[in-house]
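**Student:** Sharing start_31.cif below, mmCIF, C-alpha atoms:
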```
data_entry
loop_
_atom_site.label_atom_id
_atom_site.label_comp_id
_atom_site.auth_asym_id
_atom_site.auth_seq_id
_atom_site.Cartn_x
_atom_site.Cartn_y
_atom_site.Cartn_z
CA MET A 1 72.30 -177.89 61.95
CA ALA A 2 68.83 -176.95 60.77
CA PHE A 3 68.80 -179.96 58.46
CA GLU A 4 69.50 -182.46 61.26
CA LYS A 5 66.77 -181.00 63.48
CA ILE A 6 64.21 -180.83 60.69
CA ALA A 7 65.04 -184.30 59.41
CA GLN A 8 64.47 -185.63 62.93
CA MET A 9 61.13 -183.79 63.15
CA ILE A 10 60.02 -185.32 59.89
CA ALA A 11 61.19 -188.78 60.99
CA ASP A 12 59.25 -188.42 64.24
CA LYS A 13 56.18 -187.21 62.35
CA ILE A 14 56.00 -190.10 59.91
CA ASP A 15 57.72 -192.66 62.11
CA CYS A 16 60.63 -193.52 59.81
CA ASP A 17 64.42 -193.86 60.08
CA VAL A 18 66.02 -190.39 60.08
CA ASN A 19 68.78 -191.76 57.82
CA ASP A 20 66.18 -192.24 55.08
CA ILE A 21 65.65 -188.47 54.93
CA LYS A 22 68.10 -186.70 52.64
CA ALA A 23 68.14 -183.06 51.55
CA GLU A 24 66.91 -183.99 48.09
CA THR A 25 64.11 -186.25 49.38
CA LYS A 26 60.73 -185.16 48.08
CA PHE A 27 57.81 -184.87 50.52
CA GLU A 28 55.73 -186.74 48.00
CA ASP A 29 58.11 -189.71 48.21
CA LEU A 30 57.64 -189.78 52.01
CA SER A 31 53.83 -189.70 51.55
CA ILE A 32 53.79 -186.37 53.37
CA ASP A 33 50.74 -184.27 52.53
CA SER A 34 50.20 -180.54 52.93
CA LEU A 35 48.69 -180.90 56.41
CA ASP A 36 51.77 -182.89 57.49
CA ILE A 37 53.91 -180.01 56.20
CA THR A 38 51.73 -177.53 58.12
CA GLU A 39 52.22 -179.63 61.28
CA ILE A 40 55.98 -179.78 60.70
CA ALA A 41 56.03 -176.01 60.09
CA MET A 42 54.27 -175.48 63.44
CA ASP A 43 56.77 -177.78 65.16
CA ILE A 44 59.53 -175.72 63.52
CA GLU A 45 58.02 -172.53 64.97
CA ASP A 46 58.19 -174.04 68.46
CA GLU A 47 61.69 -175.49 67.99
CA PHE A 48 63.34 -172.47 66.36
CA GLY A 49 61.23 -169.74 68.00
CA ILE A 50 60.29 -168.18 64.66
CA GLU A 51 57.12 -167.31 62.77
CA PHE A 52 57.04 -169.74 59.89
CA GLU A 53 54.52 -170.49 57.14
CA ALA A 54 54.63 -173.61 55.00
CA ASP A 55 54.79 -172.66 51.33
CA PRO A 56 53.06 -174.94 48.82
CA SER A 57 56.06 -174.52 46.48
CA MET A 58 58.27 -176.47 48.90
CA LYS A 59 58.77 -179.86 47.33
CA THR A 60 61.87 -181.23 49.05
CA VAL A 61 63.42 -181.30 52.50
CA ALA A 62 66.11 -178.94 51.18
CA ASP A 63 63.41 -176.38 50.21
CA LEU A 64 62.06 -176.46 53.75
CA VAL A 65 65.51 -176.24 55.37
CA ALA A 66 66.47 -173.30 53.14
CA ALA A 67 63.31 -171.42 54.10
CA VAL A 68 63.94 -172.02 57.79
CA GLU A 69 67.61 -170.98 57.54
CA LYS A 70 66.58 -167.79 55.76
CA LYS A 71 64.18 -166.99 58.65
CA VAL A 72 66.68 -167.87 61.37
CA GLY A 73 69.34 -165.77 59.65
CA MET B 1 23.78 -166.60 88.90
CA ASN B 2 24.96 -169.70 87.06
CA PHE B 3 23.20 -172.25 84.93
CA LYS B 4 23.09 -175.96 84.28
CA ILE B 5 22.28 -177.84 81.12
CA ILE B 6 19.09 -179.71 81.98
CA GLY B 7 18.40 -181.24 78.57
CA THR B 8 20.05 -182.00 75.25
CA GLY B 9 18.71 -182.96 71.84
CA SER B 10 19.99 -183.37 68.33
CA TYR B 11 18.77 -184.19 64.87
CA VAL B 12 20.55 -185.13 61.65
CA PRO B 13 18.89 -185.94 58.32
CA ASP B 14 18.39 -189.65 57.52
CA ASN B 15 20.36 -189.44 54.28
CA ILE B 16 23.87 -190.78 54.95
CA VAL B 17 26.51 -189.96 52.35
CA THR B 18 29.63 -192.14 52.58
CA ASN B 19 33.08 -191.33 51.28
CA ASP B 20 32.46 -193.78 48.45
CA ASP B 21 29.32 -191.79 47.59
CA MET B 22 31.42 -188.61 47.57
CA ALA B 23 33.87 -190.27 45.18
CA LYS B 24 31.01 -190.47 42.67
CA ILE B 25 30.51 -186.68 42.88
CA VAL B 26 34.09 -185.38 42.93
CA GLU B 27 37.49 -186.93 42.32
CA THR B 28 38.32 -188.22 45.78
CA SER B 29 38.50 -191.50 47.72
CA ASP B 30 37.64 -193.01 51.05
CA GLU B 31 41.37 -193.37 51.75
CA TRP B 32 42.11 -189.68 51.04
CA ILE B 33 39.18 -188.33 53.09
CA SER B 34 39.81 -190.74 55.98
CA LYS B 35 43.51 -189.89 56.19
CA ARG B 36 43.08 -186.20 55.54
CA VAL B 37 40.15 -185.33 57.82
CA GLY B 38 39.06 -188.51 59.61
CA ILE B 39 35.52 -188.57 58.18
CA LYS B 40 33.80 -191.75 56.96
CA GLU B 41 30.28 -190.44 56.39
CA ARG B 42 28.09 -187.37 56.83
CA HIS B 43 24.34 -186.65 56.85
CA VAL B 44 23.09 -184.49 53.99
CA SER B 45 19.60 -183.04 53.86
CA ILE B 46 17.16 -184.00 51.12
CA ASN B 47 14.03 -182.37 52.52
CA ASP B 48 15.02 -180.84 55.84
CA THR B 49 15.43 -177.08 55.97
CA THR B 50 17.70 -175.52 58.57
CA LEU B 51 14.56 -174.70 60.56
CA ASP B 52 13.26 -178.29 60.30
CA MET B 53 16.49 -179.58 61.80
CA GLY B 54 16.68 -176.88 64.46
CA TYR B 55 13.05 -177.44 65.42
CA LYS B 56 13.45 -181.20 65.81
CA ALA B 57 16.62 -180.79 67.86
CA ALA B 58 14.87 -178.18 70.03
CA CYS B 59 11.91 -180.49 70.67
CA ARG B 60 14.22 -183.33 71.70
CA ALA B 61 16.18 -181.04 74.03
CA MET B 62 12.98 -179.74 75.67
CA GLU B 63 11.65 -183.28 76.02
CA ASP B 64 14.92 -184.38 77.64
CA ALA B 65 14.73 -181.38 79.98
CA GLY B 66 11.09 -182.01 80.79
CA VAL B 67 10.08 -178.46 79.90
CA SER B 68 7.45 -177.09 77.55
CA ALA B 69 7.63 -174.17 75.15
CA GLY B 70 5.84 -171.93 77.65
CA ASP B 71 8.70 -172.38 80.13
CA ILE B 72 11.30 -170.90 77.78
CA ASP B 73 12.30 -167.25 78.44
CA LEU B 74 14.87 -166.89 75.68
CA ILE B 75 15.89 -168.70 72.50
CA VAL B 76 19.38 -168.14 71.13
CA ALA B 77 20.10 -169.83 67.82
CA ALA B 78 23.49 -170.04 66.16
CA THR B 79 23.54 -170.59 62.42
CA ILE B 80 25.23 -169.48 59.22
CA SER B 81 22.65 -171.07 56.93
CA ALA B 82 19.29 -169.74 58.08
CA ASP B 83 16.52 -170.30 55.55
CA SER B 84 15.69 -166.59 55.60
CA VAL B 85 17.63 -163.44 56.32
CA THR B 86 14.58 -162.49 58.34
CA PRO B 87 12.80 -163.87 60.28
CA ASN B 88 15.87 -165.26 61.94
CA LEU B 89 16.13 -168.94 62.87
CA ALA B 90 15.46 -168.42 66.58
CA CYS B 91 12.22 -166.53 65.84
CA MET B 92 11.07 -169.32 63.55
CA ILE B 93 11.87 -171.96 66.18
CA GLU B 94 9.91 -169.85 68.67
CA ASN B 95 7.04 -169.82 66.19
CA ARG B 96 7.11 -173.54 65.50
CA ILE B 97 7.43 -174.76 69.08
CA GLY B 98 4.77 -172.27 70.20
CA ALA B 99 6.89 -170.29 72.63
CA ASP B 100 6.35 -166.65 73.51
CA CYS B 101 9.70 -165.20 74.50
CA MET B 102 12.70 -163.23 73.25
CA SER B 103 14.49 -164.92 70.34
CA PHE B 104 17.48 -164.00 68.23
CA ASP B 105 20.42 -165.49 66.33
CA VAL B 106 24.14 -165.18 66.83
CA SER B 107 26.59 -165.74 64.00
CA ALA B 108 29.97 -167.23 64.82
CA ALA B 109 30.16 -170.11 62.35
CA CYS B 110 31.72 -173.24 63.87
CA ALA B 111 32.20 -171.48 67.22
CA GLY B 112 28.50 -170.56 67.28
CA PHE B 113 27.53 -172.82 70.18
CA LEU B 114 30.06 -171.21 72.50
CA PHE B 115 29.06 -167.68 71.46
CA ALA B 116 25.39 -168.61 72.02
CA LEU B 117 26.18 -170.08 75.46
CA GLU B 118 28.13 -166.96 76.35
CA THR B 119 25.20 -164.77 75.29
CA ALA B 120 22.72 -166.90 77.23
CA ALA B 121 24.98 -166.82 80.29
CA GLY B 122 24.83 -163.01 80.21
CA TYR B 123 21.03 -162.97 80.17
CA ILE B 124 20.93 -165.50 83.00
CA GLU B 125 23.50 -163.54 85.02
CA ARG B 126 21.39 -160.39 84.66
CA LYS B 127 18.34 -162.42 85.74
CA ARG B 128 16.62 -161.65 82.43
CA ALA B 129 16.01 -165.34 81.74
CA LYS B 130 15.67 -168.48 83.83
CA LYS B 131 15.28 -171.09 81.12
CA VAL B 132 17.07 -170.66 77.82
CA LEU B 133 16.90 -172.77 74.70
CA VAL B 134 20.15 -172.71 72.74
CA VAL B 135 19.96 -174.25 69.27
CA CYS B 136 22.63 -174.68 66.62
CA ALA B 137 21.47 -175.73 63.16
CA ASP B 138 23.25 -175.69 59.85
CA ARG B 139 22.51 -177.04 56.42
CA MET B 140 26.14 -176.77 55.37
CA SER B 141 25.34 -178.58 52.13
CA LYS B 142 23.70 -175.44 50.77
CA LEU B 143 26.86 -173.39 51.35
CA LEU B 144 29.23 -175.77 49.57
CA ASP B 145 30.61 -175.74 46.07
CA TRP B 146 29.95 -179.40 45.25
CA THR B 147 32.64 -179.32 42.55
CA ASP B 148 35.35 -178.33 45.07
CA ARG B 149 36.71 -181.61 46.40
CA SER B 150 38.85 -179.87 49.04
CA THR B 151 35.79 -178.56 50.92
CA CYS B 152 32.63 -180.45 49.96
CA VAL B 153 33.83 -183.71 51.58
CA ILE B 154 34.37 -182.09 54.98
CA PHE B 155 30.92 -180.91 56.04
CA GLY B 156 27.59 -182.38 57.08
CA ASP B 157 24.11 -181.13 57.96
CA GLY B 158 22.51 -181.28 61.38
CA ALA B 159 21.29 -179.52 64.47
CA ALA B 160 21.48 -179.77 68.23
CA GLY B 161 20.20 -177.86 71.18
CA VAL B 162 20.38 -177.59 74.93
CA VAL B 163 18.06 -176.22 77.59
CA LEU B 164 19.79 -174.12 80.24
CA GLU B 165 18.32 -173.46 83.67
CA ALA B 166 19.51 -170.76 86.02
CA CYS B 167 20.86 -172.00 89.34
CA GLU B 168 22.86 -170.70 92.28
CA ASP B 169 25.49 -173.44 92.19
CA GLY B 170 27.07 -174.88 89.08
CA PHE B 171 30.08 -173.55 87.25
CA TYR B 172 30.57 -171.63 84.02
CA ASP B 173 33.56 -169.72 82.72
CA SER B 174 34.82 -168.95 79.26
CA VAL B 175 37.29 -167.24 76.99
CA ILE B 176 36.04 -165.89 73.67
CA HIS B 177 38.20 -164.41 70.92
CA THR B 178 37.80 -163.04 67.42
CA LYS B 179 40.40 -162.08 64.86
CA GLY B 180 38.41 -160.43 62.09
CA GLY B 181 39.22 -161.27 58.49
CA ASP B 182 37.93 -163.11 55.41
CA ASP B 183 41.20 -164.40 53.97
CA VAL B 184 41.15 -167.77 55.76
CA ILE B 185 37.44 -168.69 55.79
CA ASP B 186 34.79 -166.89 53.75
CA ILE B 187 31.23 -167.68 52.67
CA PRO B 188 30.06 -164.69 50.63
CA THR B 189 26.34 -164.02 50.30
CA ARG B 190 24.78 -163.36 46.92
CA ASP B 191 24.98 -159.76 45.75
CA GLY B 192 21.40 -159.52 44.51
CA ILE B 193 20.06 -158.06 41.31
CA SER B 194 20.27 -154.34 41.89
CA PRO B 195 20.77 -152.66 38.50
CA PHE B 196 23.01 -150.10 40.23
CA TYR B 197 25.48 -152.33 42.09
CA LYS B 198 28.63 -152.81 40.01
CA ASN B 199 31.07 -154.81 42.16
CA GLU B 200 31.95 -158.27 40.93
CA GLN B 201 30.07 -161.09 42.71
CA LYS B 202 32.39 -163.20 44.84
CA HIS B 203 32.00 -166.97 44.39
CA PRO B 204 29.04 -167.44 46.75
CA PHE B 205 30.17 -170.69 48.34
CA LEU B 206 32.40 -171.76 51.19
CA PHE B 207 36.06 -170.85 50.74
CA MET B 208 38.63 -172.17 53.16
CA ASN B 209 42.40 -171.95 53.14
CA GLY B 210 43.01 -175.42 54.54
CA GLN B 211 46.51 -174.93 55.87
CA ALA B 212 45.78 -171.52 57.43
CA THR B 213 42.58 -172.92 58.97
CA PHE B 214 44.50 -175.88 60.38
CA LYS B 215 47.09 -173.60 61.96
CA PHE B 216 44.46 -171.22 63.38
CA ALA B 217 42.48 -174.15 64.77
CA VAL B 218 45.43 -175.82 66.49
CA ASN B 219 46.71 -172.53 67.91
CA SER B 220 43.21 -171.56 69.09
CA ILE B 221 42.60 -174.84 70.89
CA THR B 222 46.02 -174.73 72.52
CA HIS B 223 45.83 -171.07 73.51
CA ASP B 224 42.17 -170.98 74.57
CA VAL B 225 42.33 -174.14 76.67
CA LYS B 226 45.50 -173.03 78.46
CA GLU B 227 44.12 -169.50 78.98
CA LEU B 228 40.86 -170.81 80.42
CA LEU B 229 42.56 -173.29 82.75
CA GLU B 230 44.79 -170.50 84.02
CA LYS B 231 41.84 -168.10 84.38
CA THR B 232 39.79 -170.58 86.36
CA GLY B 233 42.66 -171.98 88.40
CA LEU B 234 41.69 -175.46 87.26
CA THR B 235 44.10 -178.13 86.07
CA ALA B 236 43.88 -180.75 83.36
CA ASP B 237 43.00 -183.30 86.07
CA ASP B 238 39.90 -181.28 87.01
CA ILE B 239 38.44 -181.70 83.52
CA GLY B 240 36.18 -184.72 83.14
CA ALA B 241 35.74 -184.55 79.36
CA VAL B 242 36.72 -182.36 76.45
CA ILE B 243 34.36 -181.82 73.54
CA PRO B 244 36.22 -180.07 70.74
CA HIS B 245 34.62 -178.70 67.59
CA GLN B 246 34.67 -181.61 65.14
CA ALA B 247 36.32 -179.96 62.13
CA ASN B 248 39.11 -182.35 61.29
CA LYS B 249 40.36 -185.29 63.34
CA ARG B 250 43.93 -184.28 62.57
CA ILE B 251 43.39 -180.88 64.17
CA ILE B 252 42.29 -182.64 67.35
CA ASP B 253 45.14 -185.18 67.18
CA PHE B 254 47.74 -182.44 66.75
CA ALA B 255 46.32 -179.97 69.28
CA GLN B 256 45.45 -182.38 72.09
CA PRO B 257 49.03 -183.11 73.30
CA LYS B 258 49.75 -179.38 73.43
CA THR B 259 46.93 -178.81 75.95
CA GLY B 260 48.16 -181.33 78.52
CA ILE B 261 44.72 -182.95 78.79
CA ASP B 262 44.75 -186.73 78.32
CA ARG B 263 43.60 -188.06 74.95
CA GLU B 264 41.03 -190.42 76.46
CA LYS B 265 39.08 -187.41 77.76
CA TRP B 266 38.55 -186.02 74.23
CA TYR B 267 35.28 -187.02 72.60
CA VAL B 268 35.48 -187.43 68.85
CA ASN B 269 32.60 -188.41 66.55
CA ILE B 270 33.59 -186.61 63.34
CA GLU B 271 33.87 -189.93 61.48
CA ARG B 272 30.04 -190.22 61.46
CA PHE B 273 28.95 -186.60 61.03
CA GLY B 274 31.69 -184.55 59.37
CA ASN B 275 31.93 -180.91 60.35
CA VAL B 276 28.41 -179.72 61.24
CA SER B 277 29.58 -176.19 62.05
CA GLY B 278 28.19 -174.85 65.34
CA ALA B 279 26.07 -177.97 65.84
CA SER B 280 29.15 -180.23 66.12
CA ILE B 281 29.73 -179.70 69.83
CA PRO B 282 26.07 -179.98 70.97
CA ILE B 283 25.59 -183.07 68.75
CA ALA B 284 28.55 -184.66 70.54
CA LEU B 285 27.23 -183.46 73.91
CA ASP B 286 23.82 -184.97 73.21
CA GLU B 287 25.40 -188.23 72.10
CA MET B 288 27.45 -188.41 75.30
CA ASN B 289 24.40 -187.54 77.40
CA ARG B 290 22.24 -190.24 75.82
CA LYS B 291 25.02 -192.82 76.09
CA GLY B 292 25.31 -192.06 79.81
CA LEU B 293 28.90 -190.86 79.45
CA LEU B 294 28.36 -187.69 81.47
CA LYS B 295 28.33 -187.52 85.25
CA ARG B 296 26.56 -184.76 87.15
CA GLY B 297 29.12 -182.49 88.78
CA GLN B 298 31.90 -183.25 86.34
CA LYS B 299 33.50 -180.35 84.50
CA LEU B 300 33.24 -180.33 80.73
CA LEU B 301 35.60 -178.32 78.57
CA LEU B 302 34.28 -177.24 75.17
CA THR B 303 36.60 -175.68 72.61
CA ALA B 304 35.72 -174.33 69.17
CA PHE B 305 37.07 -172.24 66.32
CA GLY B 306 35.76 -171.13 62.97
CA GLY B 307 34.97 -168.39 60.52
CA GLY B 308 35.24 -164.83 61.76
CA LEU B 309 37.81 -165.84 62.65
CA SER B 310 36.30 -166.74 65.99
CA SER B 311 37.29 -169.11 68.77
CA GLY B 312 36.65 -169.86 72.37
CA ALA B 313 36.65 -172.32 75.19
CA VAL B 314 34.11 -172.95 77.92
CA ILE B 315 34.23 -174.93 81.14
CA LEU B 316 30.89 -175.81 82.63
CA GLU B 317 29.66 -178.20 85.26
CA TRP B 318 27.43 -180.95 83.96
#
```
Step by step, read the file and then write its structure as structure tokens.

**Tutor:**
Amino acid sequence: MAFEKIAQMIADKIDCDVNDIKAETKFEDLSIDSLDITEIAMDIEDEFGIEFEADPSMKTVADLVAAVEKKVG
Amino acid sequence: MNFKIIGTGSYVPDNIVTNDDMAKIVETSDEWISKRVGIKERHVSINDTTLDMGYKAACRAMEDAGVSAGDIDLIVAATISADSVTPNLACMIENRIGADCMSFDVSAACAGFLFALETAAGYIERKRAKKVLVVCADRMSKLLDWTDRSTCVIFGDGAAGVVLEACEDGFYDSVIHTKGGDDVIDIPTRDGISPFYKNEQKHPFLFMNGQATFKFAVNSITHDVKELLEKTGLTADDIGAVIPHQANKRIIDFAQPKTGIDREKWYVNIERFGNVSGASIPIALDEMNRKGLLKRGQKLLLTAFGGGLSSGAVILEW
């Protein structure tokens, strides 16, 4: 559930096909920089109603989804 | 008692440093800087001190207002790069323009113009001053670690000022916030050479946690603008133009839709100046004034954020 929402957010952010975003996709491969990740993290806060910080160690979509799921519980 | 801005002036050093020039100093590129912060070039001082820039901006603002130094009752300067700890910048501007009034500095980094306006508004409200010169000047280049590519490409040098005049009509309201801490933005001073002081010297240049600053900036703009609109009972349609602090074009791009104020009302000139700290907003204001983009009676919304952490928003009638 979180993956679908987050994948859509990323697709909206970088204007790409959501089907191109897989769990193992690296942000680097999507040309997403750290400010993009910060923007996505802030969108996640609004969408999921949580306090959420982007961690520089997050390299893939799966890393981001796992961190969000851990917060949501 | 309210006030109106009756004159604006700005000054930036002649020396223009492009992104390609920056790429010769640190490992960076025009593409990276343009995409990351939206800056193409900035002005960097060769000979101008902070006072030189503040003085020239002050003279232009007074000329635009049609006032002389003797008319000024109060000078409030906002800076984080004054040439001396004392005398402060405002006193030195008073000295150089030949005024004889009360002069002091406020320190609120990139939000300095709004804190200075707020201070001036208090003096005007208490009828302690009728004409106030507000000047923001910063030689950011002296605060930067020119080997740190994440920060040295962002800033520029410059100054701008406004002359305020007390009036019965007009409109001014504001929200001002601080959230004290040095973990997001910090520019330590030098510790000195006391033989007794034993603490380790912090790196005496600008430190900024980029992601935390971005988040603080976006949240501040969104929160402060909404809070001020609610406080004043005004709507987005009542606002003629928005002048945000020019820190990073992506902050503006991301925050603007959250405020509900149309994009075409937001004035952005960061591509030519970089982040000039507190002078960013009055430089933009002066540019708009001289281009004839401002209409008397229209409401301007200014919003800024910076080290402190400090932030605020102001609505005033042009």

**Student:** Between CA of Gly70 in chain B and CA of Phe3 in chain B, what is the distance, to one decimal in Å?

**Tutor:** 18.8 Å

**Student:** For a quick test of understanding: name the residues of chain A lying within 10 Å of chain B when counting only C-alpha atoms, and present them as a VMD selection string.

**Tutor:** chain A and resid 33 to 39 41 to 42 53 to 56

**Student:** Pull out every residue that the PyMOL selection byres ((chain B and resi 192-208) around 9) matches in the shown coordinates and put them as a ChimeraX atom specification.

**Tutor:** /B:142-145,150-152,183-191,209-213

**Student:** Any chance you can output those residues with C-alpha atoms as a PDB file, in the frame of the given file?

**Tutor:**
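Contents of result_7.pdb, freshly written:
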```pdb
ATOM      1  CA  LYS B 142      23.700-175.440  50.770  1.00  0.00           C
ATOM      2  CA  LEU B 143      26.860-173.390  51.350  1.00  0.00           C
ATOM      3  CA  LEU B 144      29.230-175.770  49.570  1.00  0.00           C
ATOM      4  CA  ASP B 145      30.610-175.740  46.070  1.00  0.00           C
ATOM      5  CA  SER B 150      38.850-179.870  49.040  1.00  0.00           C
ATOM      6  CA  THR B 151      35.790-178.560  50.920  1.00  0.00           C
ATOM      7  CA  CYS B 152      32.630-180.450  49.960  1.00  0.00           C
ATOM      8  CA  ASP B 183      41.200-164.400  53.970  1.00  0.00           C
ATOM      9  CA  VAL B 184      41.150-167.770  55.760  1.00  0.00           C
ATOM     10  CA  ILE B 185      37.440-168.690  55.790  1.00  0.00           C
ATOM     11  CA  ASP B 186      34.790-166.890  53.750  1.00  0.00           C
ATOM     12  CA  ILE B 187      31.230-167.680  52.670  1.00  0.00           C
ATOM     13  CA  PRO B 188      30.060-164.690  50.630  1.00  0.00           C
ATOM     14  CA  THR B 189      26.340-164.020  50.300  1.00  0.00           C
ATOM     15  CA  ARG B 190      24.780-163.360  46.920  1.00  0.00           C
ATOM     16  CA  ASP B 191      24.980-159.760  45.750  1.00  0.00           C
ATOM     17  CA  ASN B 209      42.400-171.950  53.140  1.00  0.00           C
ATOM     18  CA  GLY B 210      43.010-175.420  54.540  1.00  0.00           C
ATOM     19  CA  GLN B 211      46.510-174.930  55.870  1.00  0.00           C
ATOM     20  CA  ALA B 212      45.780-171.520  57.430  1.00  0.00           C
ATOM     21  CA  THR B 213      42.580-172.920  58.970  1.00  0.00           C
TER      22      THR B 213
END
```

**Student:** Might you pull out every residue within 12 Å of Ala67 in chain A, with only C-alpha atoms counted and same-chain residues fewer than 6 positions away left off, and present them as a PDB file with C-alpha atoms, in the coordinates of the input?

**Tutor:**
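Result written to selection35.pdb:
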```
ATOM      1  CA  ALA A   2      68.830-176.950  60.770  1.00  0.00           C
ATOM      2  CA  PHE A   3      68.800-179.960  58.460  1.00  0.00           C
ATOM      3  CA  ILE A   6      64.210-180.830  60.690  1.00  0.00           C
ATOM      4  CA  ALA A  41      56.030-176.010  60.090  1.00  0.00           C
ATOM      5  CA  ILE A  44      59.530-175.720  63.520  1.00  0.00           C
ATOM      6  CA  ILE A  50      60.290-168.180  64.660  1.00  0.00           C
ATOM      7  CA  GLU A  51      57.120-167.310  62.770  1.00  0.00           C
ATOM      8  CA  PHE A  52      57.040-169.740  59.890  1.00  0.00           C
ATOM      9  CA  GLU A  53      54.520-170.490  57.140  1.00  0.00           C
ATOM     10  CA  ALA A  54      54.630-173.610  55.000  1.00  0.00           C
ATOM     11  CA  ASP A  55      54.790-172.660  51.330  1.00  0.00           C
ATOM     12  CA  SER A  57      56.060-174.520  46.480  1.00  0.00           C
ATOM     13  CA  MET A  58      58.270-176.470  48.900  1.00  0.00           C
ATOM     14  CA  LYS A  59      58.770-179.860  47.330  1.00  0.00           C
ATOM     15  CA  THR A  60      61.870-181.230  49.050  1.00  0.00           C
ATOM     16  CA  VAL A  61      63.420-181.300  52.500  1.00  0.00           C
ATOM     17  CA  GLY A  73      69.340-165.770  59.650  1.00  0.00           C
TER      18      GLY A  73
END
```

**Student:** Quick one: distance from CA of Leu51 in chain B to CA of Ile75 in chain B in Å, one decimal?

**Tutor:**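 CA of Ile75 in chain B lies 13.4 Å from CA of Leu51 in chain B.
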
**Student:** Evaluated on this file, the PyMOL selection byres ((chain B and resi 306) around 10) picks out some residues - which ones are they, written as a list in words?

**Tutor:**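 Here the PyMOL selection byres ((chain B and resi 306) around 10) matches Ala108, Ala109, Cys110, Ala111, Gly112, Thr178, Val184, Ile185, Thr213, Phe216, Ala217, Ser220, His245, Ala247, Ser277, Gly278, Ala304, Phe305, Gly307, Gly308, Leu309, Ser310, Ser311 and Gly312 of chain B.
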
**Student:** What does the PyMOL selection byres ((chain B and resi 100-103) around 9) select in this file, as number ranges by chain?

**Tutor:** B: 69-70, 72-77, 88-95, 98-99, 104-105

**Student:** Which is closest to Asp46 in chain A among B:Tyr267, B:Asp21, B:Lys258, B:Asp71, if we use all atoms listed in the file?

**Tutor:**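 Of the candidates, the smallest distance to Asp46 in chain A is held by B:Lys258.
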
**Student:** Missing atoms in range 33-47 of chain B should be modelled up to N, CA and C atoms and reported as a compact mmCIF listing (two decimals), keeping the file's coordinate frame.

**Tutor:**
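Everything below was put into selection14.txt:
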```
# COMPACT_ATOMS: atom_id res chain seq x y z
N ILE B 33 40.01 -189.07 52.11
CA ILE B 33 39.18 -188.33 53.09
C ILE B 33 39.47 -188.84 54.50
N SER B 34 39.57 -190.17 54.64
CA SER B 34 39.81 -190.74 55.98
C SER B 34 41.14 -190.26 56.54
N LYS B 35 42.17 -190.28 55.71
CA LYS B 35 43.51 -189.89 56.19
C LYS B 35 43.59 -188.38 56.41
N ARG B 36 42.95 -187.65 55.53
CA ARG B 36 43.08 -186.20 55.54
C ARG B 36 42.24 -185.53 56.63
N VAL B 37 41.02 -186.00 56.85
CA VAL B 37 40.15 -185.33 57.82
C VAL B 37 39.51 -186.27 58.85
N GLY B 38 39.60 -187.58 58.62
CA GLY B 38 39.06 -188.51 59.61
C GLY B 38 37.56 -188.70 59.52
N ILE B 39 36.97 -188.42 58.36
CA ILE B 39 35.52 -188.57 58.18
C ILE B 39 35.24 -189.81 57.34
N LYS B 40 34.22 -190.59 57.76
CA LYS B 40 33.80 -191.75 56.96
C LYS B 40 32.46 -191.48 56.27
N GLU B 41 31.59 -190.74 56.96
CA GLU B 41 30.28 -190.44 56.39
C GLU B 41 29.72 -189.16 57.02
N ARG B 42 28.74 -188.57 56.33
CA ARG B 42 28.09 -187.37 56.83
C ARG B 42 26.61 -187.46 56.46
N HIS B 43 25.77 -186.70 57.15
CA HIS B 43 24.34 -186.65 56.85
C HIS B 43 24.07 -185.42 56.00
N VAL B 44 23.36 -185.62 54.89
CA VAL B 44 23.09 -184.49 53.99
C VAL B 44 21.58 -184.41 53.74
N SER B 45 21.05 -183.24 53.96
CA SER B 45 19.60 -183.04 53.86
C SER B 45 19.06 -183.25 52.44
N ILE B 46 17.92 -183.92 52.38
CA ILE B 46 17.16 -184.00 51.12
C ILE B 46 15.94 -183.08 51.22
N ASN B 47 15.24 -183.17 52.34
CA ASN B 47 14.03 -182.37 52.52
C ASN B 47 14.09 -181.40 53.70
```
